[in-house]
Structures are given as C-alpha cells and as structure tokens.
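Next comes work.tsv, a file with TSV, C-alpha atoms.
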chain	number	residue	atom	x	y	z
A	1	MET	CA	-17.39	9.54	36.47
A	2	ILE	CA	-14.68	6.87	36.75
A	3	MET	CA	-14.59	4.38	33.90
A	4	GLU	CA	-13.40	0.80	34.27
A	5	PRO	CA	-10.29	0.03	32.14
A	6	ARG	CA	-12.25	-2.13	29.69
A	7	ALA	CA	-14.99	0.49	29.32
A	8	ARG	CA	-12.32	3.15	28.75
A	9	LYS	CA	-10.76	1.07	25.94
A	10	VAL	CA	-14.13	0.47	24.30
A	11	PHE	CA	-14.91	4.19	24.56
A	12	LEU	CA	-11.52	5.05	22.99
A	13	PHE	CA	-12.05	2.55	20.18
A	14	LEU	CA	-15.58	3.82	19.44
A	15	SER	CA	-14.38	7.44	19.55
A	16	ILE	CA	-11.68	6.70	16.98
A	17	VAL	CA	-14.16	4.88	14.75
A	18	ALA	CA	-16.55	7.84	15.00
A	19	ILE	CA	-13.81	10.28	14.02
A	20	LEU	CA	-12.78	8.16	11.06
A	21	CYS	CA	-16.37	7.67	9.91
A	22	THR	CA	-17.23	11.37	10.02
A	23	GLY	CA	-14.22	12.29	7.96
A	24	VAL	CA	-12.83	14.60	10.62
A	25	GLY	CA	-9.23	14.23	9.81
A	26	CYS	CA	-5.94	13.40	11.24
A	27	ASP	CA	-4.37	14.77	8.06
A	28	GLY	CA	-2.20	17.24	9.92
A	29	LEU	CA	-0.90	14.49	12.22
A	30	LEU	CA	0.77	12.34	9.61
A	31	ALA	CA	4.53	12.26	9.10
A	32	THR	CA	5.06	16.01	9.21
A	33	LYS	CA	6.08	18.14	12.15
A	34	ASP	CA	4.66	15.62	14.63
A	35	ALA	CA	6.61	12.64	13.28
A	36	PRO	CA	9.01	10.89	15.64
A	37	VAL	CA	12.52	12.27	15.73
A	38	ARG	CA	15.49	9.91	15.75
A	39	GLU	CA	18.77	10.96	17.25
A	40	TYR	CA	22.06	9.10	17.20
A	41	SER	CA	24.27	8.79	20.23
A	42	ASN	CA	28.03	8.33	20.18
A	43	SER	CA	27.49	4.58	19.90
A	44	ASP	CA	25.45	5.01	16.68
A	45	THR	CA	22.46	3.48	18.44
A	46	MET	CA	19.09	4.90	17.52
A	47	VAL	CA	17.49	6.77	20.43
A	48	ASP	CA	13.70	7.06	20.58
A	49	THR	CA	12.63	10.65	21.21
A	50	VAL	CA	8.90	10.23	20.58
A	51	PRO	CA	6.98	12.30	23.15
A	52	LEU	CA	5.26	10.09	25.73
A	53	ASP	CA	1.79	11.31	24.69
A	54	ARG	CA	2.48	10.37	21.03
A	55	ARG	CA	3.84	6.83	21.53
A	56	PRO	CA	2.15	4.19	19.38
A	57	GLU	CA	-0.41	1.97	21.10
A	58	LEU	CA	-1.46	-1.54	20.11
A	59	THR	CA	-4.69	-2.83	21.65
A	60	VAL	CA	-5.39	-6.51	21.01
A	61	LEU	CA	-9.10	-7.29	21.13
A	62	ARG	CA	-10.93	-10.60	20.87
A	63	ASP	CA	-11.64	-10.30	17.15
A	64	GLY	CA	-8.93	-7.95	15.93
A	65	ALA	CA	-6.54	-5.26	17.02
A	66	LEU	CA	-6.24	-1.50	16.87
A	67	LEU	CA	-2.89	0.18	16.21
A	68	LEU	CA	-2.80	3.89	17.01
A	69	ILE	CA	0.16	5.82	15.59
A	70	GLY	CA	0.36	9.59	15.73
A	71	GLY	CA	-3.41	9.98	15.89
A	72	VAL	CA	-4.07	7.58	13.00
A	73	ALA	CA	-5.89	4.31	13.74
A	74	PHE	CA	-5.14	1.09	11.86
A	75	ARG	CA	-7.58	-1.83	12.07
A	76	LEU	CA	-5.65	-5.10	12.16
A	77	GLU	CA	-6.90	-8.60	11.51
A	78	LEU	CA	-5.54	-11.19	13.92
A	79	ALA	CA	-3.37	-14.11	12.89
A	80	ALA	CA	-2.94	-15.93	16.20
A	81	THR	CA	-3.23	-19.58	15.13
A	82	ASP	CA	-0.92	-21.63	12.94
A	83	THR	CA	-3.62	-21.75	10.24
A	84	ASP	CA	-4.23	-17.97	10.31
A	85	ARG	CA	-0.50	-17.20	10.30
A	86	ALA	CA	0.10	-19.59	7.36
A	87	GLN	CA	-2.71	-17.89	5.38
A	88	GLY	CA	-1.65	-14.34	6.27
A	89	LEU	CA	-2.55	-11.89	3.50
A	90	MET	CA	-2.22	-14.48	0.70
A	91	GLY	CA	-4.29	-13.80	-2.38
A	92	ARG	CA	-5.32	-10.27	-1.42
A	93	THR	CA	-5.31	-7.81	-4.31
A	94	ALA	CA	-5.67	-4.78	-2.05
A	95	LEU	CA	-5.43	-3.72	1.57
A	96	GLY	CA	-7.30	-0.70	2.91
A	97	GLU	CA	-5.27	2.41	3.66
A	98	HIS	CA	-5.64	1.93	7.42
A	99	GLU	CA	-5.76	-1.87	7.53
A	100	GLY	CA	-3.26	-4.61	8.18
A	101	MET	CA	-2.61	-7.86	9.99
A	102	LEU	CA	-1.19	-8.61	13.44
A	103	PHE	CA	0.68	-11.90	13.85
A	104	ILE	CA	0.80	-13.09	17.45
A	105	PHE	CA	3.27	-15.86	18.24
A	106	GLU	CA	3.41	-18.15	21.29
A	107	THR	CA	7.00	-17.32	22.24
A	108	GLU	CA	9.62	-14.75	21.38
A	109	GLN	CA	11.73	-16.02	18.49
A	110	LYS	CA	13.14	-14.73	15.22
A	111	TRP	CA	9.88	-15.47	13.41
A	112	PRO	CA	10.35	-15.30	9.62
A	113	LEU	CA	7.80	-14.00	7.12
A	114	TRP	CA	7.56	-14.55	3.37
A	115	MET	CA	5.41	-13.36	0.50
A	116	LYS	CA	4.03	-16.70	-0.70
A	117	GLN	CA	1.09	-15.92	-3.01
A	118	THR	CA	0.95	-12.38	-1.61
A	119	LEU	CA	0.10	-9.94	-4.37
A	120	ILE	CA	0.65	-6.56	-2.68
A	121	PRO	CA	3.85	-5.01	-1.30
A	122	LEU	CA	3.89	-4.85	2.50
A	123	ASP	CA	5.84	-3.32	5.37
A	124	ALA	CA	6.64	-5.83	8.11
A	125	ILE	CA	7.17	-4.55	11.65
A	126	TRP	CA	8.49	-7.02	14.24
A	127	ILE	CA	7.84	-6.18	17.91
A	128	SER	CA	9.34	-7.77	21.03
A	129	GLY	CA	7.29	-8.98	23.98
A	130	SER	CA	8.21	-5.76	25.80
A	131	GLY	CA	6.74	-3.69	22.94
A	132	ARG	CA	9.99	-2.49	21.32
A	133	ILE	CA	10.12	-2.37	17.53
A	134	GLU	CA	13.06	-4.63	16.68
A	135	HIS	CA	12.96	-4.78	12.88
A	136	VAL	CA	11.17	-3.03	10.00
A	137	GLU	CA	11.38	-4.19	6.39
A	138	THR	CA	9.48	-3.72	3.13
A	139	MET	CA	8.52	-6.99	1.47
A	140	ASN	CA	7.76	-7.13	-2.26
A	141	PRO	CA	5.58	-9.65	-4.10
A	142	GLU	CA	7.38	-12.49	-5.88
A	143	PRO	CA	4.57	-13.84	-8.07
A	144	ASP	CA	6.74	-16.10	-10.24
A	145	ALA	CA	8.95	-17.53	-7.49
A	146	ARG	CA	8.62	-21.11	-6.31
A	147	ASP	CA	8.43	-21.69	-2.55
A	148	THR	CA	12.11	-22.60	-2.43
A	149	GLU	CA	13.02	-19.34	-4.21
A	150	LEU	CA	11.01	-16.93	-2.05
A	151	THR	CA	12.82	-14.34	0.04
A	152	ILE	CA	12.64	-15.09	3.75
A	153	TYR	CA	12.40	-11.94	5.90
A	154	THR	CA	13.68	-12.46	9.44
A	155	PRO	CA	14.08	-9.98	12.32
A	156	ASN	CA	17.48	-9.45	13.90
A	157	LEU	CA	16.16	-10.17	17.41
A	158	PRO	CA	13.47	-12.43	18.90
A	159	CYS	CA	9.94	-11.00	18.65
A	160	LEU	CA	6.46	-11.90	19.86
A	161	TYR	CA	4.47	-9.91	17.30
A	162	ALA	CA	4.68	-8.93	13.65
A	163	ILE	CA	2.48	-6.38	11.88
A	164	GLU	CA	1.96	-6.18	8.12
A	165	LEU	CA	0.78	-2.87	6.64
A	166	ASN	CA	0.78	-1.46	3.12
A	167	ALA	CA	4.29	-0.80	1.84
A	168	GLY	CA	5.47	2.72	2.62
A	169	VAL	CA	3.31	3.20	5.71
A	170	ALA	CA	6.17	2.53	8.14
A	171	ALA	CA	8.37	5.23	6.61
A	172	SER	CA	5.55	7.74	6.22
A	173	MET	CA	4.47	7.29	9.85
A	174	GLY	CA	7.99	7.41	11.26
A	175	ILE	CA	7.91	3.77	12.43
A	176	ALA	CA	11.49	2.72	13.13
A	177	VAL	CA	13.60	0.34	15.17
A	178	GLY	CA	13.78	1.38	18.80
A	179	ILE	CA	10.32	2.89	19.13
A	180	GLN	CA	8.42	1.56	22.11
A	181	ILE	CA	4.79	0.55	21.52
A	182	GLU	CA	2.38	0.22	24.42
A	183	VAL	CA	0.78	-3.22	23.95
A	184	GLN	CA	-2.50	-3.92	25.75
A	185	HIS	CA	-4.65	-7.06	25.64
A	186	SER	CA	-8.38	-6.66	26.24
Translate the structure of the given file into structure tokens.
Amino acid sequence: MIMEPRARKVFLFLSIVAILCTGVGCDGLLATKDAPVREYSNSDTMVDTVPLDRRPELTVLRDGALLLIGGVAFRLELAATDTDRAQGLMGRTALGEHEGMLFIFETEQKWPLWMKQTLIPLDAIWISGSGRIEHVETMNPEPDARDTELTIYTPNLPCLYAIELNAGVAASMGIAVGIQIEVQHS
C-alpha cells in the first residue's frame, strides 16, 4: 500500500503518540551511545556527524509542531503571530518534559528572545530557513528585572525559527550548532 505524504505524516505522528501513551520507552535512545558526535576539523569548525537516519525532524502542523530528536518526540505550541510571539511562555510555572514552543518568523533575521515574566529556565534553539541549528543558549528567569534590564538573547546568524524547551534538554539530547534539522510543513 502506498501512502500519500500527508497520510504518512499523520500515521507517523499517531504512532509516536501511541508509543508515548503506552509507556513503551525511548529511554535507551537518550543522550547515551546514540547521541550525536561532534568532531572538529583543522579550522575548529564543528562538523555534524549525526547518522542520516537519526537526524532531528521538525514537522509543523496547523495547530502545533512535532520535534523528533533521537527517537524522542517533543510537542511544540506554535507562536507564529506577533501576539503569540510576544506572549511566548510568559507566566508558565512549568513546562512538560517533552513540551516546548516553536517561534516561526516571517523572514530570516537575528531574532532576539528575552525572559520577560518567564518563570522557568529555558533552552533556546535558533534554526535557519535551511534547517541548520545556528545558535543554542540557556536562558534563565529574571523575575526582579525591569524590561530595560532584561538580558536579550540573540543568535549569531539570521534564523527563521526558534524553539524553547526546558533548560538542559539541548545538552542532554546532543543538540548543538551545526546540526541539520529536516523541517517539513503540513
């Protein structure tokens, strides 16, 4: 049976949800022996040596997104409008272990993020329009800072997307600058 691309994506998404709901684990797939390996060339540039079948995938759906890294699925809320991006994860006291937010911008630029009224530490991952991770940074809450005193986190290169996950997830999953993510829009 040949499945249409959209049907294949829905099937993949539902399969992942079923696995997560039944508790059948991906525990052995976390940042252990299967984690991405980084090598340095003579130019001190990071070289991505993630096997092709283990590359992260980001599927943007109508009402959210699914980030698949090393067999672990993250459900991402979308922030694709000015209002949604301005709100971000403000006021949240917790974020699920496999949850986050995907910021989608109109053009590639050095889009800054800040922690205004954000109560939980986050990892920010900026991704170019071609799917390359360009910048990764941990952002900490600044509950007593005025807007003019807040740290502004900015990627080194223009990006089209930014993902916010719980702090520490990027390091534990081997997410680093130079990794290529397959980005698909459904």
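The residue that comes closest to Gln117 of chain A, out of A:Pro158, A:Gly100, A:Pro143, A:Gly131 and on the basis of all atoms listed in the file, is A:Pro143.
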Problem - Proximity to Met115 of chain A - best of A:Leu150, A:Ala94, A:Ala86, A:Ile127, all atoms listed in the file - result: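 Among A:Leu150, A:Ala94, A:Ala86, A:Ile127, it is A:Leu150 that comes nearest to Met115 of chain A.
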Here atom CA of Pro121 of chain A and atom CA of Thr138 of chain A stand apart by 7.3 Å
| Pick from A:Val183, A:Lys116, A:His98, A:Glu164 nearest to Ile152 of chain A, counting all atoms listed in the file |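 Result for the nearest residue to Ile152 of chain A: A:Lys116.
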(Q) Here is a test: counting all atoms listed in the file, which residue of A:Asn140, A:Ser186, A:Glu106, A:Met90 is nearest to Val60 of chain A? (A)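 Smallest separation from Val60 of chain A among the options: A:Ser186.
The gap separating atom CA of Ser172 of chain A from atom CA of Glu134 of chain A is 17.9 Å, in Å to one decimal.
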By how many Å are atom CA of Leu78 of chain A and atom CA of Ile104 of chain A apart?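 Separation between atom CA of Leu78 of chain A and atom CA of Ile104 of chain A: 7.5 Å.
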Open item on the list: Could you check the closest approach to Arg92 of chain A for each of A:Gly71, A:Thr151, A:Trp126, A:Asn166 and tell me which residue wins, using all atoms listed in the file?
Closed with: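 Going through A:Gly71, A:Thr151, A:Trp126, A:Asn166 one by one, the smallest distance to Arg92 of chain A is for A:Asn166.
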All residues 8 Å or closer to Leu157 of chain A, only C-alpha atoms, same chain fewer than 4 positions away omitted, as a JSON list (two decimals) with C-alpha atoms, keeping the file's coordinate frame:
[["chain", "number", "residue", "atom", "x", "y", "z"],
["A", 109, "GLN", "CA", 11.73, -16.02, 18.49],
["A", 110, "LYS", "CA", 13.14, -14.73, 15.22],
["A", 134, "GLU", "CA", 13.06, -4.63, 16.68],
["A", 135, "HIS", "CA", 12.96, -4.78, 12.88]]
Closest of A:Leu61, A:Val169, A:Ala80, A:Val72 to His185 of chain A, counting all atoms listed in the file, is A:Leu61
